[in-house]
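So this block is final_0.cif, mmCIF, C-alpha atoms:
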```cif
data_model
#
loop_
_atom_site.label_atom_id
_atom_site.label_comp_id
_atom_site.auth_asym_id
_atom_site.auth_seq_id
_atom_site.Cartn_x
_atom_site.Cartn_y
_atom_site.Cartn_z
CA MET A 1 6.92 -91.85 -89.71
CA ALA A 2 7.44 -89.79 -86.54
CA ALA A 3 6.44 -92.74 -84.35
CA ALA A 4 8.66 -95.11 -86.32
CA THR A 5 11.60 -92.71 -86.08
CA GLU A 6 11.11 -92.42 -82.34
CA HIS A 7 10.90 -96.19 -82.00
CA PHE A 8 14.13 -96.72 -83.96
CA ARG A 9 15.75 -93.94 -81.95
CA LEU A 10 15.00 -95.83 -78.73
CA TYR A 11 15.44 -99.45 -79.78
CA GLY A 12 17.61 -99.30 -82.89
CA TYR A 13 16.72 -100.16 -86.46
CA GLU A 14 18.27 -103.59 -86.80
CA LYS A 15 16.58 -105.16 -83.78
CA THR A 16 13.09 -103.81 -84.53
CA THR A 17 10.62 -105.81 -86.61
CA VAL A 18 7.53 -104.44 -88.34
CA SER A 19 5.46 -106.32 -85.72
CA ASP A 20 7.34 -104.54 -82.88
CA LEU A 21 6.76 -101.27 -84.62
CA ALA A 22 3.06 -101.94 -85.19
CA SER A 23 2.34 -102.85 -81.58
CA ALA A 24 4.41 -99.92 -80.27
CA ILE A 25 2.57 -97.46 -82.48
CA GLY A 26 -0.81 -99.07 -81.84
CA TYR A 27 -1.63 -100.06 -85.41
CA SER A 28 -1.88 -103.51 -86.94
CA LYS A 29 1.00 -104.93 -88.97
CA ALA A 30 -1.35 -105.09 -91.97
CA TYR A 31 -2.09 -101.38 -91.66
CA ILE A 32 1.62 -100.52 -91.77
CA TYR A 33 2.09 -102.76 -94.81
CA LYS A 34 -0.61 -100.70 -96.56
CA PHE A 35 1.84 -97.82 -96.67
CA PHE A 36 5.26 -99.48 -96.60
CA ASP A 37 6.42 -102.62 -98.40
CA SER A 38 8.96 -103.48 -95.73
CA LYS A 39 10.90 -102.20 -92.76
CA GLN A 40 13.56 -101.08 -95.22
CA ALA A 41 11.00 -98.85 -96.96
CA ILE A 42 10.46 -97.05 -93.63
CA GLY A 43 14.22 -96.85 -93.04
CA GLU A 44 14.67 -95.44 -96.53
CA VAL A 45 12.32 -92.53 -95.82
CA ILE A 46 14.19 -91.65 -92.62
CA CYS A 47 17.54 -92.00 -94.39
CA ALA A 48 16.40 -89.94 -97.38
CA ASN A 49 15.57 -87.06 -95.02
CA SER A 50 19.11 -87.13 -93.60
CA VAL A 51 20.64 -87.34 -97.06
CA GLN A 52 18.55 -84.38 -98.20
CA GLY A 53 19.73 -82.42 -95.18
CA ILE A 54 23.38 -83.09 -95.97
CA LEU A 55 22.97 -82.29 -99.66
CA ALA A 56 21.12 -79.06 -98.85
CA ALA A 57 23.94 -77.97 -96.52
CA VAL A 58 26.51 -78.72 -99.24
CA GLU A 59 24.51 -76.94 -101.93
CA GLN A 60 24.09 -73.87 -99.76
CA SER A 61 27.78 -73.65 -98.86
CA VAL A 62 28.85 -74.11 -102.49
CA ALA A 63 26.38 -71.48 -103.71
CA ALA A 64 27.75 -68.98 -101.16
CA ALA A 65 31.37 -69.38 -102.33
CA THR A 66 32.70 -66.94 -104.91
CA THR A 67 35.47 -68.93 -106.64
CA ALA A 68 35.84 -72.58 -107.60
CA SER A 69 38.72 -72.89 -105.11
CA ASP A 70 36.54 -71.53 -102.36
CA GLN A 71 33.76 -73.91 -103.42
CA ILE A 72 36.14 -76.85 -102.91
CA ARG A 73 36.96 -75.64 -99.40
CA GLN A 74 33.33 -74.95 -98.51
CA MET A 75 32.13 -78.25 -99.93
CA PHE A 76 34.65 -80.25 -97.91
CA ARG A 77 33.89 -78.31 -94.75
CA SER A 78 30.10 -78.54 -95.04
CA LEU A 79 30.10 -82.19 -96.08
CA ILE A 80 32.31 -83.25 -93.17
CA ASP A 81 30.45 -81.01 -90.70
CA ALA A 82 27.00 -82.22 -91.76
CA SER A 83 28.10 -85.87 -91.61
CA ILE A 84 29.56 -85.48 -88.13
CA THR A 85 26.48 -83.59 -86.92
CA LEU A 86 24.25 -86.41 -88.15
CA PHE A 87 26.41 -89.01 -86.41
CA LEU A 88 26.58 -87.14 -83.10
CA ALA A 89 22.90 -86.15 -83.13
CA ASP A 90 21.61 -89.66 -82.71
CA ARG A 91 23.77 -92.74 -82.77
CA LYS A 92 20.88 -95.19 -82.68
CA LEU A 93 19.29 -93.58 -85.74
CA TYR A 94 22.74 -93.56 -87.37
CA ASP A 95 22.42 -97.36 -87.41
CA ILE A 96 20.02 -96.95 -90.31
CA ALA A 97 22.76 -95.23 -92.31
CA LEU A 98 25.12 -98.12 -91.52
CA VAL A 99 22.59 -100.64 -92.82
CA ALA A 100 21.88 -98.44 -95.86
CA VAL A 101 25.56 -98.41 -96.84
CA ARG A 102 26.18 -102.06 -95.97
CA ASP A 103 23.19 -103.21 -98.04
CA ARG A 104 23.75 -100.59 -100.77
CA TRP A 105 20.26 -99.07 -100.67
CA PRO A 106 19.59 -97.15 -103.92
CA LEU A 107 19.66 -93.81 -102.10
CA VAL A 108 23.30 -94.41 -101.14
CA THR A 109 24.30 -94.65 -104.79
CA ALA A 110 22.14 -91.61 -105.56
CA PHE A 111 23.85 -89.64 -102.78
CA GLU A 112 27.32 -90.57 -104.04
CA GLU A 113 26.36 -89.63 -107.60
CA GLN A 114 25.08 -86.27 -106.39
CA ILE A 115 28.31 -85.53 -104.54
CA LYS A 116 30.33 -86.49 -107.62
CA ALA A 117 28.09 -84.31 -109.82
CA THR A 118 28.69 -81.32 -107.54
CA LEU A 119 32.45 -81.99 -107.59
CA ALA A 120 32.38 -82.19 -111.42
CA GLN A 121 30.48 -78.92 -111.61
CA ILE A 122 33.02 -77.12 -109.40
CA LEU A 123 35.93 -78.60 -111.34
CA LYS A 124 34.44 -77.51 -114.68
CA ARG A 125 33.97 -74.00 -113.36
CA GLY A 126 37.56 -73.87 -112.08
CA ARG A 127 38.94 -75.28 -115.33
CA LYS A 128 37.01 -72.68 -117.30
CA SER A 129 38.14 -69.78 -115.10
CA GLY A 130 41.76 -70.94 -115.24
CA GLU A 131 41.91 -71.69 -111.51
CA PHE A 132 42.39 -75.45 -112.09
CA GLU A 133 44.58 -77.52 -114.41
CA ARG A 134 42.92 -79.18 -117.41
CA LYS A 135 45.31 -82.04 -118.20
CA THR A 136 43.89 -84.74 -115.91
CA PRO A 137 40.69 -86.35 -117.23
CA LEU A 138 37.75 -84.84 -115.35
CA ASP A 139 36.44 -88.27 -114.31
CA GLU A 140 39.77 -89.20 -112.78
CA THR A 141 39.91 -86.00 -110.73
CA VAL A 142 36.31 -86.46 -109.56
CA SER A 143 37.01 -90.06 -108.48
CA ALA A 144 40.22 -89.09 -106.67
CA LEU A 145 38.55 -86.21 -104.80
CA PHE A 146 35.66 -88.47 -103.87
CA LEU A 147 38.11 -91.05 -102.46
CA VAL A 148 39.76 -88.37 -100.33
CA ILE A 149 36.50 -87.13 -98.80
CA ALA A 150 34.74 -90.53 -98.47
CA PRO A 151 36.34 -91.55 -95.13
CA TYR A 152 34.69 -88.50 -93.50
CA VAL A 153 31.26 -89.11 -95.03
CA ASN A 154 30.81 -92.87 -95.35
CA PRO A 155 28.93 -94.01 -92.19
CA LEU A 156 31.05 -97.16 -91.97
CA LEU A 157 34.24 -95.09 -91.77
CA LEU A 158 33.34 -91.77 -90.16
CA PRO A 159 32.73 -93.08 -86.61
CA HIS A 160 36.32 -94.41 -86.56
CA ASN A 161 37.71 -91.25 -88.09
CA LEU A 162 36.36 -88.47 -85.86
CA ASP A 163 39.76 -87.72 -84.33
CA ASN A 164 41.13 -86.80 -87.76
CA ALA A 165 38.12 -84.81 -88.94
CA LYS A 166 39.15 -81.39 -87.70
CA GLN A 167 42.62 -81.62 -89.22
CA ALA A 168 41.13 -83.10 -92.40
CA THR A 169 38.77 -80.15 -92.90
CA VAL A 170 41.81 -77.87 -93.17
CA LEU A 171 44.58 -80.02 -94.65
CA LEU A 172 42.69 -82.02 -97.27
CA PRO A 173 41.14 -79.12 -99.22
CA SER A 174 44.57 -77.42 -99.20
CA LEU A 175 46.21 -80.55 -100.57
CA ILE A 176 43.45 -80.88 -103.18
CA LEU A 177 43.77 -77.27 -104.26
CA ARG A 178 47.52 -77.75 -104.70
CA SER A 179 46.75 -80.82 -106.84
CA LEU A 180 44.33 -78.75 -108.95
CA ALA A 181 46.74 -75.89 -109.57
CA PRO A 182 47.36 -75.26 -113.30
CA MET B 1 54.52 -117.18 -78.59
CA ALA B 2 53.67 -119.67 -81.35
CA ALA B 3 51.14 -121.42 -79.12
CA ALA B 4 49.62 -118.10 -78.03
CA THR B 5 49.37 -116.93 -81.64
CA GLU B 6 47.66 -120.17 -82.62
CA HIS B 7 45.26 -119.86 -79.70
CA PHE B 8 44.34 -116.27 -80.61
CA ARG B 9 43.99 -117.34 -84.24
CA LEU B 10 41.37 -119.92 -83.24
CA TYR B 11 39.52 -118.17 -80.42
CA GLY B 12 40.23 -114.49 -80.93
CA TYR B 13 42.26 -112.14 -78.78
CA GLU B 14 39.51 -110.28 -76.94
CA LYS B 15 37.72 -113.35 -75.58
CA THR B 16 40.85 -115.16 -74.40
CA THR B 17 42.18 -114.70 -70.86
CA VAL B 18 45.67 -115.52 -69.65
CA SER B 19 44.11 -118.46 -67.75
CA ASP B 20 42.55 -119.82 -70.97
CA LEU B 21 45.88 -119.44 -72.67
CA ALA B 22 47.80 -121.14 -69.85
CA SER B 23 45.55 -124.19 -69.75
CA ALA B 24 45.46 -124.47 -73.56
CA ILE B 25 49.24 -124.35 -73.78
CA GLY B 26 49.75 -126.63 -70.79
CA TYR B 27 51.64 -124.18 -68.57
CA SER B 28 50.54 -122.53 -65.35
CA LYS B 29 49.29 -118.96 -65.35
CA ALA B 30 52.18 -118.07 -63.02
CA TYR B 31 54.68 -119.44 -65.54
CA ILE B 32 53.24 -117.23 -68.30
CA TYR B 33 53.39 -114.19 -66.01
CA LYS B 34 57.10 -114.88 -65.56
CA PHE B 35 57.61 -113.82 -69.17
CA PHE B 36 54.70 -111.47 -69.87
CA ASP B 37 53.20 -108.80 -67.64
CA SER B 38 49.75 -109.14 -69.18
CA LYS B 39 47.76 -110.47 -72.10
CA GLN B 40 48.46 -107.16 -73.82
CA ALA B 41 52.20 -107.81 -73.57
CA ILE B 42 51.68 -111.03 -75.56
CA GLY B 43 49.44 -109.22 -78.04
CA GLU B 44 52.08 -106.52 -78.44
CA VAL B 45 54.72 -109.04 -79.49
CA ILE B 46 52.39 -110.52 -82.14
CA CYS B 47 51.41 -107.05 -83.30
CA ALA B 48 54.99 -105.84 -83.42
CA ASN B 49 55.85 -108.70 -85.79
CA SER B 50 53.08 -107.61 -88.17
CA VAL B 51 54.13 -103.97 -87.95
CA GLN B 52 57.74 -104.94 -88.69
CA GLY B 53 56.54 -106.90 -91.71
CA ILE B 54 54.63 -103.93 -93.10
CA LEU B 55 57.48 -101.50 -92.45
CA ALA B 56 59.99 -103.85 -94.08
CA ALA B 57 57.79 -104.11 -97.20
CA VAL B 58 57.52 -100.31 -97.35
CA GLU B 59 61.24 -99.81 -96.82
CA GLN B 60 62.10 -102.31 -99.54
CA SER B 61 59.73 -100.78 -102.09
CA VAL B 62 60.97 -97.25 -101.35
CA ALA B 63 64.62 -98.33 -101.59
CA ALA B 64 63.95 -99.90 -105.00
CA ALA B 65 62.43 -96.71 -106.47
CA THR B 66 64.70 -94.38 -108.41
CA THR B 67 63.00 -90.98 -108.00
CA ALA B 68 61.11 -89.33 -105.14
CA SER B 69 57.93 -89.42 -107.27
CA ASP B 70 58.35 -93.12 -107.81
CA GLN B 71 58.99 -93.56 -104.09
CA ILE B 72 55.62 -91.95 -103.33
CA ARG B 73 53.87 -94.36 -105.70
CA GLN B 74 55.74 -97.39 -104.38
CA MET B 75 55.19 -96.42 -100.78
CA PHE B 76 51.43 -96.07 -101.24
CA ARG B 77 51.20 -99.31 -103.16
CA SER B 78 53.29 -101.36 -100.73
CA LEU B 79 51.65 -99.90 -97.64
CA ILE B 80 48.13 -100.57 -98.90
CA ASP B 81 49.05 -104.03 -100.23
CA ALA B 82 50.78 -105.10 -97.01
CA SER B 83 47.87 -103.86 -94.88
CA ILE B 84 45.30 -105.71 -96.99
CA THR B 85 47.41 -108.87 -96.99
CA LEU B 86 47.59 -108.77 -93.21
CA PHE B 87 43.83 -108.29 -92.93
CA LEU B 88 42.97 -111.07 -95.39
CA ALA B 89 45.58 -113.49 -94.02
CA ASP B 90 43.88 -113.96 -90.70
CA ARG B 91 40.86 -112.02 -89.56
CA LYS B 92 40.90 -113.40 -86.04
CA LEU B 93 44.49 -112.33 -85.51
CA TYR B 94 43.59 -108.95 -87.06
CA ASP B 95 41.44 -108.42 -83.95
CA ILE B 96 44.68 -107.75 -82.07
CA ALA B 97 45.40 -104.85 -84.43
CA LEU B 98 41.91 -103.47 -83.79
CA VAL B 99 42.48 -103.56 -80.04
CA ALA B 100 45.96 -102.06 -80.47
CA VAL B 101 44.57 -99.06 -82.35
CA ARG B 102 41.49 -98.67 -80.15
CA ASP B 103 43.59 -98.70 -76.97
CA ARG B 104 46.48 -96.74 -78.55
CA TRP B 105 49.23 -99.25 -77.73
CA PRO B 106 52.64 -97.52 -77.91
CA LEU B 107 53.60 -99.50 -81.02
CA VAL B 108 50.72 -97.89 -82.93
CA THR B 109 52.16 -94.43 -82.33
CA ALA B 110 55.63 -95.73 -83.20
CA PHE B 111 54.28 -97.19 -86.47
CA GLU B 112 52.60 -93.91 -87.41
CA GLU B 113 55.75 -91.96 -86.60
CA GLN B 114 57.82 -94.30 -88.76
CA ILE B 115 55.44 -93.87 -91.72
CA LYS B 116 55.56 -90.09 -91.28
CA ALA B 117 59.37 -90.18 -91.05
CA THR B 118 59.56 -92.13 -94.32
CA LEU B 119 57.16 -89.66 -95.97
CA ALA B 120 59.28 -86.73 -94.73
CA GLN B 121 62.43 -88.36 -96.08
CA ILE B 122 60.89 -88.84 -99.54
CA LEU B 123 59.53 -85.28 -99.54
CA LYS B 124 62.92 -83.84 -98.61
CA ARG B 125 64.56 -85.79 -101.40
CA GLY B 126 61.97 -84.59 -103.92
CA ARG B 127 62.26 -81.00 -102.74
CA LYS B 128 66.02 -81.16 -103.09
CA SER B 129 65.93 -82.69 -106.57
CA GLY B 130 63.34 -80.15 -107.74
CA GLU B 131 60.64 -82.78 -108.28
CA PHE B 132 58.43 -81.34 -105.52
CA GLU B 133 57.33 -77.83 -104.55
CA ARG B 134 58.93 -76.23 -101.50
CA LYS B 135 56.36 -73.63 -100.45
CA THR B 136 54.15 -75.75 -98.21
CA PRO B 137 55.64 -76.38 -94.75
CA LEU B 138 57.05 -79.91 -94.71
CA ASP B 139 55.05 -80.86 -91.62
CA GLU B 140 51.79 -79.84 -93.25
CA THR B 141 52.51 -81.93 -96.35
CA VAL B 142 53.48 -84.94 -94.24
CA SER B 143 50.27 -84.67 -92.18
CA ALA B 144 48.09 -84.27 -95.28
CA LEU B 145 49.67 -87.26 -97.04
CA PHE B 146 49.30 -89.33 -93.89
CA LEU B 147 45.58 -88.43 -93.71
CA VAL B 148 45.12 -89.55 -97.31
CA ILE B 149 46.74 -92.95 -96.79
CA ALA B 150 45.42 -93.65 -93.27
CA PRO B 151 41.99 -95.04 -94.33
CA TYR B 152 43.82 -97.86 -96.16
CA VAL B 153 46.17 -98.69 -93.30
CA ASN B 154 44.28 -98.02 -90.04
CA PRO B 155 42.77 -101.39 -88.96
CA LEU B 156 39.57 -99.65 -87.83
CA LEU B 157 38.99 -98.23 -91.32
CA LEU B 158 40.59 -100.65 -93.80
CA PRO B 159 38.06 -103.50 -93.41
CA HIS B 160 35.28 -101.09 -94.48
CA ASN B 161 37.36 -99.66 -97.29
CA LEU B 162 38.51 -102.72 -99.25
CA ASP B 163 36.24 -101.95 -102.23
CA ASN B 164 38.06 -98.65 -102.78
CA ALA B 165 41.58 -99.96 -102.23
CA LYS B 166 42.42 -100.93 -105.80
CA GLN B 167 41.28 -97.58 -107.20
CA ALA B 168 43.00 -95.79 -104.33
CA THR B 169 46.38 -97.39 -105.09
CA VAL B 170 46.31 -95.75 -108.53
CA LEU B 171 44.35 -92.51 -108.07
CA LEU B 172 45.66 -91.30 -104.72
CA PRO B 173 49.40 -91.30 -105.52
CA SER B 174 48.59 -89.51 -108.81
CA LEU B 175 46.58 -86.87 -106.97
CA ILE B 176 49.36 -86.51 -104.42
CA LEU B 177 52.04 -86.16 -107.07
CA ARG B 178 49.98 -83.43 -108.74
CA SER B 179 49.75 -81.69 -105.36
CA LEU B 180 53.53 -81.94 -104.96
CA ALA B 181 54.37 -80.53 -108.40
CA PRO B 182 56.57 -77.40 -108.21
#
```
Would you kindly transcribe this structure into C-alpha cells?
Amino acid sequence: MAAATEHFRLYGYEKTTVSDLASAIGYSKAYIYKFFDSKQAIGEVICANSVQGILAAVEQSVAAATTASDQIRQMFRSLIDASITLFLADRKLYDIALVAVRDRWPLVTAFEEQIKATLAQILKRGRKSGEFERKTPLDETVSALFLVIAPYVNPLLLPHNLDNAKQATVLLPSLILRSLAP
Amino acid sequence: MAAATEHFRLYGYEKTTVSDLASAIGYSKAYIYKFFDSKQAIGEVICANSVQGILAAVEQSVAAATTASDQIRQMFRSLIDASITLFLADRKLYDIALVAVRDRWPLVTAFEEQIKATLAQILKRGRKSGEFERKTPLDETVSALFLVIAPYVNPLLLPHNLDNAKQATVLLPSLILRSLAP
C-alpha cells in the first residue's frame, strides 16, 4: 500500500496501470492481484484512509462543542478545513478522490451518509434543547444543510471554490444558525 | 460576431487563434484587429450577451413576484435555470465562460455585482415590509446568500453540480427564507 501510494503520488492514479505498479514495486502483476481485485480496490483503500481522517476530525470537533449551535459551527469549520488540507497536501493523490466521486465508489455514498447522520444527530439535539426550530421536516433540513456544505467538501467542486472557503467557514454556519432559530 | 461565434461553437474558444478565425471567416487578421483588440475582446462580446440574457431572466422573474419572499424564490429559480440552460445549450461555447471566470474578465465581476445588487434590493424591501429580520448587517446577508447560490451559477462549479440543481432550487430558497425570518 505504501509503495502504491507513493507511485500514485508521483505518477497520478488515472495514468497508472496495475502492470506499471507491479514493475515499479518489483512484484508480479499476479502477486498484486492476489491481494487486490483491481486498481480501484487499491485506490479505495487509499481513499478510505482519507475519508476516515476527515470523519475523525469532524467527530472530534463536534464532540468538543458544548451546544448544538456550536456543533454546527465546529462541524462546518472542521469539515471544510480537513477537505482543504487533503486537497493541498497532495494534488496528485487527490486525483483518486476525483475518480471516486466521478465513478461513485461505494465509500463516497458511505461518507455522505455519515455526514448526513452527524447533521441529523446535531439537529435532533438542538431541537430537543430548544435551540432549533421543529417545524421543518428533519430530512429536509439535513438535505438543505448538506447542499450548503457540499461545494466545500466535494472533490469535484472544492478545487474551484478555495477562494470562497474562508468566508464560507464564517458566513455559512451563521446563515444556517439563523435558519434553525425557533 | 456571428461567424466568430459559430467558429468557437465548432472548434472551441481556447484552441482558436485570431489567425484561425480570420482565415475561417475569409477576412485578414489585420481586418479583425481593426474591430477587436484581441481574441478576448471577441469572447467578451459573446459572453456579455449570455450574461445579459441571464440578468434579463432574473430581472423579469423578480419583477413578476409580489412579495420579497417570493422574489427570493423566483430569483434563485430563474438564476439556476438560466445558468443550466446556457450550459446545456452549447458546451463548446460554455468554454468561453470558463475562461472568463478563470481569468476574471471584468464582466464577471460586473455580473456578480449585479446579482448582489439585486439581492440587496430584495432584502431591503423585505426588511422594510417586515418579512425579513433586520439584525444581521445587510452586507453579511448579501454575501452569505451569494455564497449559497454561487455553486449553481459559477461556470467552474455548475457543470459538476447539475445532479443537485433540482433539489437546490427548492431546498435552498426555503432554507434562506427561514434564515431571513424576523
query: Quick one: which residues from chain B are at most 8 Å off chain A, using all atoms listed in the file, as a PyMOL selection string?
result: chain B and resi 140-141+143-144+147-148+151+156-157+160-161+164+168+171-172+175-181
Superposed chain A (on chain B, all in-order C-alpha pairs) as a short mmCIF file (atom, residue, chain, number, x, y, z; two decimals) with C-alpha atoms, in the frame of the given file:
```cif
data_model
loop_
_atom_site.label_atom_id
_atom_site.label_comp_id
_atom_site.auth_asym_id
_atom_site.auth_seq_id
_atom_site.Cartn_x
_atom_site.Cartn_y
_atom_site.Cartn_z
CA MET A 1 54.51 -117.19 -78.58
CA ALA A 2 53.65 -119.69 -81.34
CA ALA A 3 51.12 -121.44 -79.10
CA ALA A 4 49.61 -118.12 -78.02
CA THR A 5 49.36 -116.95 -81.63
CA GLU A 6 47.64 -120.17 -82.60
CA HIS A 7 45.24 -119.86 -79.67
CA PHE A 8 44.31 -116.28 -80.59
CA ARG A 9 43.98 -117.35 -84.22
CA LEU A 10 41.37 -119.93 -83.22
CA TYR A 11 39.52 -118.18 -80.41
CA GLY A 12 40.24 -114.48 -80.92
CA TYR A 13 42.26 -112.13 -78.76
CA GLU A 14 39.52 -110.28 -76.93
CA LYS A 15 37.72 -113.34 -75.58
CA THR A 16 40.86 -115.16 -74.39
CA THR A 17 42.16 -114.70 -70.85
CA VAL A 18 45.67 -115.53 -69.64
CA SER A 19 44.11 -118.46 -67.72
CA ASP A 20 42.55 -119.81 -70.96
CA LEU A 21 45.87 -119.44 -72.66
CA ALA A 22 47.78 -121.15 -69.85
CA SER A 23 45.52 -124.19 -69.73
CA ALA A 24 45.45 -124.48 -73.53
CA ILE A 25 49.22 -124.37 -73.75
CA GLY A 26 49.69 -126.63 -70.73
CA TYR A 27 51.59 -124.21 -68.52
CA SER A 28 50.49 -122.54 -65.30
CA LYS A 29 49.25 -118.96 -65.32
CA ALA A 30 52.15 -118.06 -63.01
CA TYR A 31 54.64 -119.45 -65.51
CA ILE A 32 53.24 -117.25 -68.29
CA TYR A 33 53.37 -114.21 -66.00
CA LYS A 34 57.10 -114.90 -65.54
CA PHE A 35 57.61 -113.85 -69.14
CA PHE A 36 54.71 -111.50 -69.86
CA ASP A 37 53.20 -108.82 -67.63
CA SER A 38 49.76 -109.16 -69.17
CA LYS A 39 47.79 -110.48 -72.09
CA GLN A 40 48.46 -107.17 -73.81
CA ALA A 41 52.21 -107.82 -73.57
CA ILE A 42 51.68 -111.04 -75.55
CA GLY A 43 49.44 -109.23 -78.04
CA GLU A 44 52.08 -106.54 -78.42
CA VAL A 45 54.72 -109.07 -79.50
CA ILE A 46 52.40 -110.54 -82.13
CA CYS A 47 51.41 -107.06 -83.32
CA ALA A 48 55.01 -105.85 -83.41
CA ASN A 49 55.86 -108.70 -85.80
CA SER A 50 53.09 -107.61 -88.18
CA VAL A 51 54.14 -103.98 -87.95
CA GLN A 52 57.74 -104.94 -88.70
CA GLY A 53 56.56 -106.90 -91.72
CA ILE A 54 54.64 -103.93 -93.10
CA LEU A 55 57.49 -101.49 -92.46
CA ALA A 56 59.99 -103.85 -94.09
CA ALA A 57 57.79 -104.11 -97.20
CA VAL A 58 57.53 -100.31 -97.36
CA GLU A 59 61.25 -99.80 -96.83
CA GLN A 60 62.10 -102.30 -99.54
CA SER A 61 59.73 -100.77 -102.10
CA VAL A 62 60.97 -97.24 -101.36
CA ALA A 63 64.62 -98.31 -101.62
CA ALA A 64 63.94 -99.89 -105.03
CA ALA A 65 62.42 -96.70 -106.49
CA THR A 66 64.70 -94.36 -108.43
CA THR A 67 62.99 -90.96 -108.02
CA ALA A 68 61.11 -89.31 -105.17
CA SER A 69 57.93 -89.40 -107.28
CA ASP A 70 58.34 -93.10 -107.82
CA GLN A 71 58.99 -93.55 -104.10
CA ILE A 72 55.61 -91.94 -103.36
CA ARG A 73 53.88 -94.35 -105.73
CA GLN A 74 55.74 -97.39 -104.40
CA MET A 75 55.19 -96.42 -100.78
CA PHE A 76 51.44 -96.05 -101.26
CA ARG A 77 51.21 -99.31 -103.18
CA SER A 78 53.27 -101.37 -100.73
CA LEU A 79 51.64 -99.89 -97.65
CA ILE A 80 48.12 -100.57 -98.91
CA ASP A 81 49.06 -104.02 -100.24
CA ALA A 82 50.79 -105.10 -97.02
CA SER A 83 47.87 -103.86 -94.90
CA ILE A 84 45.31 -105.71 -97.00
CA THR A 85 47.43 -108.88 -97.00
CA LEU A 86 47.61 -108.78 -93.21
CA PHE A 87 43.85 -108.30 -92.94
CA LEU A 88 42.99 -111.09 -95.39
CA ALA A 89 45.59 -113.51 -94.01
CA ASP A 90 43.89 -113.97 -90.69
CA ARG A 91 40.88 -112.02 -89.55
CA LYS A 92 40.88 -113.41 -86.02
CA LEU A 93 44.49 -112.33 -85.50
CA TYR A 94 43.59 -108.97 -87.06
CA ASP A 95 41.46 -108.43 -83.95
CA ILE A 96 44.68 -107.75 -82.07
CA ALA A 97 45.41 -104.85 -84.43
CA LEU A 98 41.92 -103.47 -83.79
CA VAL A 99 42.49 -103.56 -80.03
CA ALA A 100 45.98 -102.07 -80.47
CA VAL A 101 44.58 -99.07 -82.36
CA ARG A 102 41.51 -98.67 -80.15
CA ASP A 103 43.61 -98.71 -76.97
CA ARG A 104 46.49 -96.75 -78.55
CA TRP A 105 49.24 -99.25 -77.73
CA PRO A 106 52.66 -97.53 -77.92
CA LEU A 107 53.62 -99.50 -81.03
CA VAL A 108 50.74 -97.90 -82.93
CA THR A 109 52.16 -94.44 -82.32
CA ALA A 110 55.63 -95.74 -83.20
CA PHE A 111 54.31 -97.19 -86.46
CA GLU A 112 52.60 -93.92 -87.41
CA GLU A 113 55.76 -91.95 -86.59
CA GLN A 114 57.81 -94.29 -88.77
CA ILE A 115 55.45 -93.87 -91.71
CA LYS A 116 55.56 -90.09 -91.30
CA ALA A 117 59.37 -90.18 -91.07
CA THR A 118 59.56 -92.12 -94.34
CA LEU A 119 57.16 -89.65 -95.99
CA ALA A 120 59.29 -86.71 -94.74
CA GLN A 121 62.42 -88.34 -96.10
CA ILE A 122 60.88 -88.82 -99.56
CA LEU A 123 59.53 -85.27 -99.57
CA LYS A 124 62.93 -83.82 -98.62
CA ARG A 125 64.57 -85.78 -101.41
CA GLY A 126 61.98 -84.58 -103.94
CA ARG A 127 62.26 -80.98 -102.76
CA LYS A 128 66.03 -81.13 -103.09
CA SER A 129 65.92 -82.67 -106.58
CA GLY A 130 63.35 -80.13 -107.75
CA GLU A 131 60.65 -82.76 -108.28
CA PHE A 132 58.42 -81.32 -105.51
CA GLU A 133 57.32 -77.81 -104.55
CA ARG A 134 58.93 -76.21 -101.49
CA LYS A 135 56.35 -73.61 -100.46
CA THR A 136 54.13 -75.73 -98.20
CA PRO A 137 55.63 -76.38 -94.74
CA LEU A 138 57.05 -79.91 -94.72
CA ASP A 139 55.05 -80.87 -91.62
CA GLU A 140 51.80 -79.83 -93.25
CA THR A 141 52.50 -81.92 -96.35
CA VAL A 142 53.48 -84.94 -94.24
CA SER A 143 50.27 -84.67 -92.18
CA ALA A 144 48.09 -84.27 -95.28
CA LEU A 145 49.67 -87.26 -97.04
CA PHE A 146 49.31 -89.33 -93.89
CA LEU A 147 45.59 -88.43 -93.72
CA VAL A 148 45.11 -89.55 -97.31
CA ILE A 149 46.74 -92.95 -96.80
CA ALA A 150 45.41 -93.65 -93.27
CA PRO A 151 41.99 -95.05 -94.33
CA TYR A 152 43.81 -97.88 -96.17
CA VAL A 153 46.17 -98.69 -93.29
CA ASN A 154 44.29 -98.02 -90.06
CA PRO A 155 42.77 -101.39 -88.96
CA LEU A 156 39.57 -99.67 -87.83
CA LEU A 157 39.01 -98.25 -91.32
CA LEU A 158 40.60 -100.66 -93.79
CA PRO A 159 38.07 -103.52 -93.41
CA HIS A 160 35.29 -101.10 -94.48
CA ASN A 161 37.37 -99.67 -97.29
CA LEU A 162 38.51 -102.72 -99.26
CA ASP A 163 36.25 -101.95 -102.22
CA ASN A 164 38.06 -98.65 -102.78
CA ALA A 165 41.59 -99.96 -102.24
CA LYS A 166 42.41 -100.92 -105.80
CA GLN A 167 41.28 -97.58 -107.21
CA ALA A 168 43.02 -95.78 -104.34
CA THR A 169 46.38 -97.39 -105.10
CA VAL A 170 46.30 -95.74 -108.54
CA LEU A 171 44.35 -92.51 -108.08
CA LEU A 172 45.66 -91.29 -104.73
CA PRO A 173 49.40 -91.28 -105.52
CA SER A 174 48.58 -89.51 -108.82
CA LEU A 175 46.57 -86.87 -106.98
CA ILE A 176 49.37 -86.49 -104.41
CA LEU A 177 52.03 -86.14 -107.07
CA ARG A 178 49.97 -83.42 -108.75
CA SER A 179 49.75 -81.67 -105.36
CA LEU A 180 53.54 -81.92 -104.97
CA ALA A 181 54.35 -80.50 -108.39
CA PRO A 182 56.56 -77.38 -108.20
#
```
Non-local contacts of stretch 91-97 of chain A (9 Å; only C-alpha atoms; under 5 positions in same chain excluded) as an MDAnalysis selection string: chainID A and resid 5:6 8:14 43:44 46:47 50 86 102 108 154:156
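Closest approach to B:Glu113 from the set B:Val62, B:Ser78, B:Leu55, B:Thr17 is made by B:Leu55, with distances taken over all atoms listed in the file.
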query: Distance atom CA of B:Lys15-atom CA of B:Asp90, one decimal place?
result: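 So the two atoms, atom CA of B:Lys15 and atom CA of B:Asp90, lie 16.3 Å apart.
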- prompt: What does the distance from atom CA of A:Ala57 to atom CA of A:Leu138 come to in Å, to one decimal?
  reply: 24.3 Å
